[in-house]
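As provided, coords-v5.csv (CSV, C-alpha atoms) reads as follows.
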chain,number,residue,atom,x,y,z
A,3,GLU,CA,-19.0,-145.9,8.7
A,4,LEU,CA,-20.2,-144.8,12.2
A,5,GLU,CA,-18.0,-143.7,15.1
A,6,ARG,CA,-19.4,-142.8,18.5
A,7,GLN,CA,-18.3,-139.3,19.7
A,8,GLY,CA,-19.2,-139.0,23.4
A,9,GLU,CA,-22.7,-139.3,24.7
A,10,GLY,CA,-25.3,-139.2,21.9
A,11,GLY,CA,-22.9,-138.1,19.2
A,12,TRP,CA,-21.7,-139.9,16.1
A,13,THR,CA,-19.3,-139.3,13.3
A,14,VAL,CA,-20.7,-140.6,10.0
A,15,ALA,CA,-18.6,-141.2,6.9
A,16,VAL,CA,-20.7,-141.7,3.8
A,17,PRO,CA,-19.7,-144.9,1.8
A,18,SER,CA,-18.2,-144.3,-1.6
A,19,TRP,CA,-21.0,-146.0,-3.3
A,20,ARG,CA,-23.5,-143.7,-1.6
A,21,TYR,CA,-21.5,-140.5,-2.0
A,22,TYR,CA,-23.5,-139.1,-4.9
A,23,ASP,CA,-26.8,-139.7,-3.0
A,24,PHE,CA,-25.6,-137.2,-0.3
A,25,LYS,CA,-23.2,-135.0,-2.3
A,26,PRO,CA,-24.0,-131.3,-1.6
A,27,ASP,CA,-25.4,-129.3,-4.4
A,28,PRO,CA,-23.9,-126.0,-5.4
A,29,GLY,CA,-25.1,-123.4,-3.0
A,30,ASP,CA,-25.6,-125.8,0.0
A,31,PRO,CA,-24.0,-124.6,3.3
A,32,PRO,CA,-20.6,-126.2,4.0
A,33,GLY,CA,-21.0,-129.7,5.4
A,34,ARG,CA,-24.7,-129.9,4.7
A,35,SER,CA,-26.7,-131.3,1.8
A,36,SER,CA,-30.2,-130.1,0.8
A,37,ARG,CA,-31.0,-133.5,-0.7
A,38,PRO,CA,-33.7,-135.3,1.3
A,39,VAL,CA,-32.9,-138.4,3.3
A,40,TYR,CA,-35.8,-140.9,3.4
A,41,GLU,CA,-36.8,-143.5,5.9
A,42,ALA,CA,-35.5,-146.2,3.6
A,43,ASP,CA,-32.0,-144.7,3.6
A,44,LEU,CA,-31.9,-144.9,7.4
A,45,PHE,CA,-33.3,-148.5,7.4
A,46,GLU,CA,-30.7,-149.5,4.9
A,47,GLU,CA,-27.8,-148.1,7.0
A,48,ALA,CA,-29.2,-149.7,10.2
A,49,ILE,CA,-29.6,-153.1,8.5
A,50,ARG,CA,-26.1,-152.9,7.0
A,51,GLN,CA,-24.6,-152.2,10.4
A,52,TYR,CA,-26.6,-155.0,12.1
A,53,GLY,CA,-25.8,-157.5,9.3
A,54,MET,CA,-28.0,-158.6,6.4
A,55,ASP,CA,-27.2,-162.3,7.2
A,56,LYS,CA,-29.0,-161.9,10.6
A,57,ILE,CA,-32.3,-160.7,9.0
A,58,PRO,CA,-34.7,-163.7,8.5
A,59,SER,CA,-36.1,-164.0,5.0
A,60,GLY,CA,-39.8,-164.6,4.3
A,61,LEU,CA,-42.7,-163.5,2.1
A,62,PRO,CA,-44.6,-160.4,3.4
A,63,THR,CA,-48.0,-160.9,4.9
A,64,LEU,CA,-50.8,-159.4,2.8
A,65,ALA,CA,-53.4,-157.7,4.9
A,66,GLY,CA,-57.1,-157.4,3.9
A,67,PRO,CA,-59.5,-159.8,2.2
A,68,ASP,CA,-59.1,-161.2,-1.3
A,69,ALA,CA,-60.9,-159.4,-4.2
A,70,GLY,CA,-64.4,-160.7,-4.5
A,71,SER,CA,-65.5,-162.6,-7.6
A,72,SER,CA,-67.9,-160.8,-9.9
A,73,GLU,CA,-70.8,-162.4,-11.7
A,74,GLY,CA,-68.9,-162.1,-15.0
A,75,HIS,CA,-66.0,-164.0,-13.6
A,76,GLU,CA,-68.2,-166.8,-12.2
A,77,ARG,CA,-70.0,-167.0,-15.5
A,78,ARG,CA,-66.8,-167.3,-17.5
A,79,GLU,CA,-65.5,-170.0,-15.2
A,80,GLN,CA,-68.7,-172.0,-15.5
A,81,ILE,CA,-68.6,-171.8,-19.3
A,82,ARG,CA,-65.0,-173.0,-19.3
A,83,HIS,CA,-65.8,-175.9,-17.0
A,84,GLN,CA,-68.8,-177.0,-19.1
A,85,LEU,CA,-67.0,-176.8,-22.5
A,86,ALA,CA,-64.0,-178.6,-21.1
A,87,ALA,CA,-66.3,-181.3,-19.8
A,88,CYS,CA,-67.6,-181.6,-23.4
A,89,GLY,CA,-64.1,-182.3,-24.6
A,90,TYR,CA,-63.2,-178.8,-25.9
A,91,ILE,CA,-59.8,-177.0,-25.2
A,92,GLU,CA,-59.6,-173.3,-24.6
A,93,ALA,CA,-57.6,-171.1,-27.0
A,94,VAL,CA,-56.3,-167.7,-26.2
A,95,ASN,CA,-55.7,-165.3,-29.1
A,96,TYR,CA,-54.9,-161.6,-29.6
A,97,ALA,CA,-57.8,-159.2,-29.6
A,98,PHE,CA,-56.6,-157.9,-32.9
A,99,GLN,CA,-56.9,-159.2,-36.5
A,100,ASP,CA,-56.3,-158.1,-40.0
A,101,ALA,CA,-58.9,-156.0,-41.8
A,102,GLY,CA,-59.6,-158.6,-44.5
A,103,SER,CA,-60.6,-161.3,-42.1
A,104,GLU,CA,-62.8,-158.8,-40.2
A,105,VAL,CA,-64.8,-158.1,-43.3
A,106,ALA,CA,-65.0,-161.7,-44.5
A,107,TYR,CA,-66.3,-163.4,-41.3
A,108,PRO,CA,-69.6,-162.9,-39.7
A,109,ALA,CA,-69.9,-160.9,-36.4
A,110,LEU,CA,-72.3,-160.7,-33.6
A,111,GLU,CA,-72.7,-157.0,-34.1
A,112,ARG,CA,-71.2,-154.3,-36.4
A,113,GLN,CA,-71.5,-150.6,-35.8
A,114,GLY,CA,-69.6,-148.4,-38.2
A,115,ASP,CA,-66.0,-149.0,-39.1
A,116,PRO,CA,-63.8,-151.3,-37.0
A,117,ILE,CA,-61.4,-149.8,-34.4
A,118,ARG,CA,-58.0,-149.4,-36.1
A,119,LEU,CA,-54.8,-149.5,-34.2
A,120,ALA,CA,-52.5,-146.5,-34.4
A,121,ASN,CA,-49.3,-148.7,-34.1
A,122,PRO,CA,-50.2,-152.3,-35.0
A,123,LEU,CA,-47.7,-155.1,-34.3
A,124,SER,CA,-48.0,-156.2,-37.9
A,125,GLU,CA,-50.3,-156.2,-40.9
A,126,LEU,CA,-52.0,-159.2,-39.4
A,127,TYR,CA,-53.2,-157.2,-36.4
A,128,THR,CA,-54.5,-153.9,-37.7
A,129,VAL,CA,-58.0,-153.7,-36.2
A,130,MET,CA,-59.7,-154.7,-33.0
A,131,ARG,CA,-61.7,-157.9,-33.5
A,132,ARG,CA,-65.4,-157.9,-34.1
A,133,SER,CA,-65.6,-161.7,-34.0
A,134,LEU,CA,-63.7,-164.4,-32.2
A,135,LEU,CA,-64.0,-166.7,-35.3
A,136,PRO,CA,-61.1,-165.6,-37.6
A,137,ASN,CA,-58.4,-166.2,-35.0
A,138,LEU,CA,-60.0,-169.4,-33.9
A,139,VAL,CA,-60.2,-170.7,-37.5
A,140,ALA,CA,-56.5,-169.8,-37.9
A,141,ALA,CA,-55.7,-171.9,-34.7
A,142,ALA,CA,-57.7,-174.8,-36.1
A,143,ARG,CA,-55.9,-174.5,-39.5
A,144,PHE,CA,-52.6,-174.5,-37.6
A,145,ASN,CA,-53.5,-177.8,-35.9
A,146,LEU,CA,-54.8,-179.3,-39.1
A,147,GLN,CA,-51.5,-178.6,-40.9
A,148,ARG,CA,-49.7,-180.6,-38.2
A,149,GLY,CA,-51.8,-183.7,-38.5
A,150,ALA,CA,-54.5,-183.3,-35.9
A,151,GLU,CA,-57.2,-185.8,-36.4
A,152,ALA,CA,-59.8,-183.8,-34.5
A,153,ILE,CA,-60.3,-180.2,-33.6
A,154,ARG,CA,-62.4,-179.0,-30.6
A,155,LEU,CA,-61.5,-175.5,-29.6
A,156,PHE,CA,-63.3,-172.7,-27.8
A,157,GLU,CA,-62.5,-169.1,-26.8
A,158,ILE,CA,-64.1,-166.6,-24.4
A,159,GLY,CA,-63.2,-163.0,-25.0
A,160,HIS,CA,-64.3,-159.5,-25.8
A,161,VAL,CA,-65.3,-158.3,-29.3
A,162,PHE,CA,-65.5,-154.7,-30.3
A,163,PRO,CA,-68.5,-153.8,-32.6
A,164,GLY,CA,-67.3,-150.3,-33.3
A,165,ALA,CA,-65.7,-147.1,-31.9
A,166,ASP,CA,-68.9,-145.8,-30.5
A,167,SER,CA,-70.2,-149.0,-28.9
A,168,ALA,CA,-69.3,-150.9,-25.8
A,169,GLU,CA,-67.3,-154.2,-26.0
A,170,VAL,CA,-69.3,-157.4,-25.9
A,171,GLU,CA,-68.2,-160.7,-24.2
A,172,ALA,CA,-68.5,-163.6,-26.7
A,173,VAL,CA,-68.0,-167.4,-26.8
A,174,ALA,CA,-66.9,-169.1,-29.9
A,175,LEU,CA,-66.4,-172.8,-30.7
A,176,ILE,CA,-65.0,-174.7,-33.6
A,177,GLY,CA,-64.9,-178.5,-34.1
A,178,GLY,CA,-64.3,-181.1,-36.8
A,179,GLY,CA,-62.5,-184.4,-37.6
A,180,SER,CA,-62.9,-187.9,-36.2
A,181,LEU,CA,-62.8,-189.2,-32.6
A,182,GLY,CA,-61.9,-192.7,-31.5
A,183,MET,CA,-59.7,-195.4,-33.1
A,184,PRO,CA,-60.6,-197.1,-36.4
A,185,TRP,CA,-61.2,-200.4,-34.6
A,186,ASP,CA,-63.2,-198.8,-31.8
A,187,ARG,CA,-66.3,-197.0,-33.0
A,188,LYS,CA,-64.5,-194.1,-34.8
A,189,SER,CA,-67.0,-191.4,-35.6
A,190,ASP,CA,-66.9,-188.1,-37.4
A,191,LEU,CA,-67.8,-184.8,-35.7
A,192,ASP,CA,-70.7,-183.0,-37.4
A,193,LEU,CA,-73.0,-180.1,-36.9
A,194,PHE,CA,-75.2,-182.0,-34.5
A,195,ASP,CA,-72.3,-182.6,-32.2
A,196,LEU,CA,-71.7,-178.8,-32.0
A,197,LYS,CA,-75.4,-178.2,-31.5
A,198,GLY,CA,-75.4,-180.7,-28.7
A,199,VAL,CA,-72.6,-178.9,-26.9
A,200,LEU,CA,-74.5,-175.6,-27.2
A,201,ASP,CA,-77.7,-177.3,-25.8
A,202,ALA,CA,-75.7,-178.8,-22.9
A,203,LEU,CA,-74.2,-175.4,-22.1
A,204,ALA,CA,-77.7,-173.8,-22.3
A,205,TRP,CA,-79.2,-176.5,-20.0
A,206,HIS,CA,-76.5,-175.9,-17.4
A,207,PHE,CA,-77.6,-172.2,-17.2
A,208,GLY,CA,-81.3,-173.0,-17.3
A,209,VAL,CA,-82.0,-171.6,-20.7
A,210,ARG,CA,-83.0,-173.0,-24.1
A,211,PHE,CA,-81.9,-172.0,-27.6
A,212,GLU,CA,-84.0,-171.7,-30.7
A,213,TYR,CA,-82.3,-172.3,-34.0
A,214,ARG,CA,-83.6,-170.5,-37.1
A,215,PRO,CA,-82.2,-171.2,-40.6
A,216,ALA,CA,-80.3,-168.2,-42.1
A,217,GLU,CA,-77.9,-167.2,-44.7
A,218,ILE,CA,-74.6,-166.2,-43.0
A,219,PRO,CA,-71.3,-165.3,-44.7
A,220,LYS,CA,-68.5,-167.9,-44.5
A,221,LEU,CA,-71.0,-170.6,-43.6
A,222,ILE,CA,-72.4,-173.1,-46.1
A,223,SER,CA,-75.9,-172.5,-47.1
A,224,GLY,CA,-78.4,-175.0,-45.6
A,225,THR,CA,-76.2,-175.6,-42.5
A,226,ALA,CA,-76.3,-172.1,-41.0
A,227,SER,CA,-78.7,-171.0,-38.2
A,228,GLU,CA,-79.1,-168.0,-36.0
A,229,LEU,CA,-79.5,-168.5,-32.2
A,230,TYR,CA,-82.3,-167.0,-30.1
A,231,LEU,CA,-83.5,-167.6,-26.6
A,232,GLU,CA,-86.9,-169.2,-26.5
A,233,GLU,CA,-88.2,-166.7,-23.9
A,234,ALA,CA,-86.8,-163.7,-25.9
A,235,SER,CA,-87.4,-164.8,-29.4
A,236,GLU,CA,-86.5,-161.5,-31.1
A,237,GLN,CA,-83.1,-161.1,-29.6
A,238,ARG,CA,-80.4,-162.6,-31.9
A,239,LEU,CA,-77.6,-164.1,-29.8
A,240,GLY,CA,-75.3,-165.7,-32.3
A,241,TYR,CA,-75.0,-168.2,-35.1
A,242,LEU,CA,-73.6,-171.7,-36.0
A,243,GLY,CA,-73.0,-173.7,-39.2
A,244,GLN,CA,-70.4,-175.4,-41.3
A,245,LEU,CA,-67.5,-173.3,-42.5
A,246,GLU,CA,-66.6,-172.7,-46.1
A,247,GLU,CA,-63.1,-173.8,-45.2
A,248,ASP,CA,-60.9,-175.9,-47.6
A,249,SER,CA,-59.5,-178.2,-45.0
A,250,GLY,CA,-58.9,-181.9,-44.6
A,251,TYR,CA,-62.3,-182.4,-43.1
A,252,PRO,CA,-65.5,-180.3,-42.5
A,253,LEU,CA,-65.2,-177.7,-39.7
A,254,PHE,CA,-68.2,-176.5,-37.8
A,255,ALA,CA,-68.3,-173.3,-35.8
A,256,ALA,CA,-70.5,-171.2,-33.5
A,257,GLU,CA,-70.3,-167.8,-31.9
A,258,LEU,CA,-72.7,-166.3,-29.3
A,259,GLU,CA,-73.0,-163.6,-26.7
A,260,ALA,CA,-72.0,-164.7,-23.2
A,261,SER,CA,-74.6,-162.4,-21.7
A,262,CYS,CA,-77.4,-164.8,-22.7
A,263,PHE,CA,-76.3,-166.9,-19.7
A,264,ASP,CA,-76.9,-164.1,-17.2
A,265,ARG,CA,-80.6,-164.9,-16.8
A,266,ALA,CA,-79.6,-168.4,-15.5
A,267,ALA,CA,-82.2,-170.5,-13.8
A,268,VAL,CA,-81.7,-173.7,-11.8
A,269,PRO,CA,-82.2,-176.6,-14.2
A,270,GLN,CA,-85.4,-178.6,-13.4
A,271,VAL,CA,-85.0,-182.3,-13.0
A,272,ARG,CA,-87.4,-185.0,-12.1
A,273,PRO,CA,-86.5,-188.0,-10.0
A,274,PRO,CA,-87.0,-191.3,-11.8
A,275,SER,CA,-90.0,-193.4,-10.9
A,276,ARG,CA,-89.6,-196.8,-9.3
A,277,PHE,CA,-92.3,-198.1,-11.6
A,278,PRO,CA,-91.6,-199.4,-15.1
A,279,ALA,CA,-92.0,-197.1,-18.1
A,280,ILE,CA,-93.8,-197.7,-21.4
A,281,GLU,CA,-92.3,-196.4,-24.7
A,282,ALA,CA,-94.2,-195.6,-27.9
A,283,ASP,CA,-93.1,-194.3,-31.3
A,284,LEU,CA,-94.9,-192.2,-33.9
A,285,THR,CA,-93.8,-191.6,-37.5
A,286,LEU,CA,-95.4,-188.4,-38.7
A,287,THR,CA,-95.5,-187.5,-42.4
A,288,HIS,CA,-95.6,-183.7,-42.8
A,289,SER,CA,-94.4,-180.9,-45.0
A,290,ARG,CA,-90.7,-180.1,-45.1
A,291,ASP,CA,-91.5,-176.5,-44.2
A,292,ILE,CA,-92.6,-177.7,-40.7
A,293,SER,CA,-89.6,-177.6,-38.3
A,294,TRP,CA,-89.0,-180.0,-35.4
A,295,ARG,CA,-89.3,-177.0,-33.1
A,296,GLU,CA,-93.0,-176.5,-34.1
A,297,ILE,CA,-93.8,-180.1,-33.5
A,298,GLU,CA,-92.0,-180.2,-30.2
A,299,SER,CA,-93.9,-177.1,-29.0
A,300,ALA,CA,-97.2,-178.8,-30.0
A,301,ILE,CA,-96.3,-181.9,-28.0
A,302,ALA,CA,-95.4,-179.9,-25.0
A,303,ALA,CA,-98.7,-178.1,-25.1
A,304,ALA,CA,-100.7,-181.3,-25.4
A,305,ALA,CA,-98.6,-183.5,-23.1
A,306,THR,CA,-100.1,-185.2,-20.0
A,307,PRO,CA,-98.2,-185.5,-16.7
A,308,ASP,CA,-97.4,-189.1,-17.4
A,309,LEU,CA,-95.5,-188.2,-20.6
A,310,VAL,CA,-92.1,-187.9,-18.9
A,311,THR,CA,-89.9,-187.4,-22.0
A,312,TYR,CA,-90.0,-187.4,-25.8
A,313,GLY,CA,-87.7,-186.5,-28.6
A,314,LEU,CA,-86.7,-186.7,-32.2
A,315,LYS,CA,-85.6,-190.2,-33.3
A,316,ASP,CA,-85.3,-189.9,-37.1
A,317,ARG,CA,-86.1,-187.8,-40.1
A,318,TYR,CA,-86.3,-189.5,-43.5
A,319,ARG,CA,-87.1,-188.3,-47.0
A,320,GLY,CA,-86.7,-190.5,-50.0
A,321,LYS,CA,-88.4,-193.5,-51.5
A,322,GLY,CA,-91.9,-194.0,-50.3
A,323,VAL,CA,-92.3,-190.4,-49.0
A,324,PRO,CA,-94.4,-187.9,-51.0
A,325,GLU,CA,-92.5,-185.1,-52.8
A,326,GLY,CA,-92.2,-182.1,-50.5
A,327,ALA,CA,-92.8,-184.2,-47.4
A,328,VAL,CA,-90.7,-185.8,-44.7
A,329,ASN,CA,-91.2,-188.6,-42.2
A,330,THR,CA,-90.3,-187.6,-38.7
A,331,THR,CA,-90.1,-190.4,-36.1
A,332,ILE,CA,-90.7,-189.4,-32.5
A,333,TYR,CA,-90.2,-191.4,-29.4
A,334,PHE,CA,-92.4,-191.0,-26.3
A,335,VAL,CA,-91.9,-192.4,-22.7
A,336,TYR,CA,-94.8,-192.7,-20.3
A,337,ASN,CA,-94.4,-193.3,-16.6
A,338,ALA,CA,-96.2,-192.6,-13.3
A,339,ASP,CA,-94.8,-191.9,-9.9
A,340,GLU,CA,-97.4,-193.7,-7.8
A,341,ARG,CA,-98.2,-196.8,-9.8
A,342,THR,CA,-97.6,-198.9,-12.9
A,343,LEU,CA,-99.5,-197.6,-16.0
A,344,THR,CA,-101.5,-200.2,-17.9
A,345,GLN,CA,-101.0,-200.6,-21.7
A,346,GLU,CA,-104.6,-199.5,-22.2
A,347,GLU,CA,-104.1,-196.2,-20.4
A,348,VAL,CA,-100.9,-195.4,-22.4
A,349,ASN,CA,-102.6,-196.4,-25.7
A,350,GLU,CA,-105.5,-194.0,-25.0
A,351,ARG,CA,-103.3,-191.1,-24.0
A,352,HIS,CA,-100.9,-191.7,-26.9
A,353,GLN,CA,-103.7,-191.9,-29.5
A,354,ASN,CA,-105.1,-188.6,-28.3
A,355,LEU,CA,-101.7,-187.0,-28.7
A,356,VAL,CA,-101.2,-188.6,-32.1
A,357,ARG,CA,-104.6,-187.4,-33.3
A,358,ASP,CA,-103.7,-183.8,-32.3
A,359,LEU,CA,-100.4,-183.9,-34.1
A,360,GLU,CA,-102.0,-185.5,-37.3
A,361,ASN,CA,-104.6,-182.7,-37.3
A,362,GLN,CA,-102.0,-180.0,-36.9
A,363,PHE,CA,-99.2,-181.2,-39.1
A,364,GLY,CA,-100.3,-184.3,-41.0
A,365,TRP,CA,-99.4,-184.4,-44.8
A,366,ARG,CA,-102.2,-183.2,-47.0
A,367,GLY,CA,-100.5,-183.2,-50.4

Entire entry expressed as structure tokens:
Amino acid sequence: ELERQGEGGWTVAVPSWRYYDFKPDPGDPPGRSSRPVYEADLFEEAIRQYGMDKIPSGLPTLAGPDAGSSEGHERREQIRHQLAACGYIEAVNYAFQDAGSEVAYPALERQGDPIRLANPLSELYTVMRRSLLPNLVAAARFNLQRGAEAIRLFEIGHVFPGADSAEVEAVALIGGGSLGMPWDRKSDLDLFDLKGVLDALAWHFGVRFEYRPAEIPKLISGTASELYLEEASEQRLGYLGQLEEDSGYPLFAAELEASCFDRAAVPQVRPPSRFPAIEADLTLTHSRDISWREIESAIAAAATPDLVTYGLKDRYRGKGVPEGAVNTTIYFVYNADERTLTQEEVNERHQNLVRDLENQFGWRG
């Protein structure tokens, strides 16, 4: 309480609820306290006297610019948007896992022993993760047990190769099940759906992946591949394949380093011609040891400017195909920007390309 005493003088009585804030300590002079009084104490008393109900309420104004966005943040956001556009849902898991899963599943990199927690939450979270896959598989299994007909999940997060190495930002995907209704083109998700999502993500960042067959733990032999960048063919970036998971339907997974998208380039596109295109096919019989990537590289090297696009149409082995060989059907699209190509022009260019491919890869069993 305040009471004016003449000019410039006041008598102050400390409220009971503030008494111990100002109570003199032993040894303080009579009527004086050595405890400090802060600005906030004076503001509080002044406001209390003026009346709290008379003070307008409102959020404080923040001064200064917002924190800038780093390249890493922008990259993560772009990855999220692209994977969401492909129908995948983001999962967020702990950065810990149990030691058994850590050993069983593949990892992007391992250096020494995993980082162990001194005081883990439970036996399920004893080490820092070296792969996003174990927790993502657990999330997929959780959804499967509750009747989910399709699983399409992804996660972006850090993995920890070892105590003496820096953390690595990774992206992992898992998918499986069926999309659509039984009466409306219901289709099963497979390994090529997952590969298509990775290729779409790579195209957005202006890079291309190369897939090399490999033997990888927890992935079914014959479906597993390691990922490399075409322009940096010796740097392993990740892996993909079908999981050895006893579930209601096959599950397909991939994990790769997010840093591979740092060297992003603007995707190159070509405006469509206003003139009609001419399509042609080729069925090439060749050894099973020859990959589509080798054939594709040969086509790119021999292509003329009028060959605007080409791709794999079908691969067949069975009746009518020699033992150890496979039939690969390739489609070609020819078009020009300034005029309509004649069938004779296309035939000549196409036959030259076919001759080159037959000489390089044709079956000679």

| said: Set the distance at 6 Å and use all atoms listed in the file: which residues neighbour Phe334 in chain A once local chain neighbours fewer than 4 positions away are removed? I'd like the list as a list in words. | reply: Glu281, Ala282 and Tyr312 of chain A

| Ala174 in chain A surroundings by all atoms listed in the file, 9 Å radius, close-in-sequence under 5 positions cut, as a PyMOL selection string | chain A and resi 133-135+138+155-159+255-259

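The space between CA of Asp283 in chain A and CA of Ala338 in chain A spans 18.3 Å.
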
| task | Could you tell me which of A:Glu47, A:Asp358, A:Glu104, A:Asp186 comes closest to Pro163 in chain A if we count all atoms listed in the file? | result | A:Glu104

| task | For range 290-302 of chain A, work out the shell of residues within 10 Å, counting all atoms listed in the file and skipping chain neighbours fewer than 6 positions away, then give it as a PyMOL selection string. | result | chain A and resi 212-214+309+311-314+317+319+325-330+332+355-356+358-359+362-363+365

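Shortest separation to Leu196 in chain A among A:Asn95, A:Pro116, A:Leu239, A:Cys88 occurs at residue A:Cys88, atoms counted being all atoms listed in the file.
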
| request: Please indicate the distance in Å from CA of Ala279 in chain A to CA of Val335 in chain A, rounded to one decimal place. | output: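 So the two atoms, CA of Ala279 in chain A and CA of Val335 in chain A, lie 6.6 Å apart.
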
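In this comparison, which uses all atoms listed in the file, the residue of A:Tyr318, A:Phe194, A:Tyr241, A:Tyr90 approaching Ala172 in chain A most closely is A:Tyr241.
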
| said: Between CA of Gly243 in chain A and CA of Thr225 in chain A, what distance in Å does the model show, to one decimal? | reply: 5.0 Å

| task | Considering only C-alpha atoms, state which residue in the set A:Leu242, A:Val348, A:Ala168, A:Ala304 is at the smallest distance from Pro108 in chain A. | result |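 Of A:Leu242, A:Val348, A:Ala168, A:Ala304, the one nearest Pro108 in chain A is A:Leu242, counting only C-alpha atoms.
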
| Which residue, A:Phe211, A:Phe263, A:Tyr52, A:Phe277, has the smallest gap to Glu236 in chain A when you use all atoms listed in the file? |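 Counting all atoms listed in the file, the residue closest to Glu236 in chain A is A:Phe211.
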
| Which residues, written as a PyMOL selection string, have at least one atom at most 12 Å from His75 in chain A, with all atoms listed in the file counted and residues fewer than 4 positions away on the same chain left out? | chain A and resi 69-71+79-82+158-159+171+260-261+264

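Counting all atoms listed in the file and comparing A:Ala140, A:Leu61, A:Ala165, A:Leu203, the residue that lies closest to Arg78 in chain A is A:Leu203.
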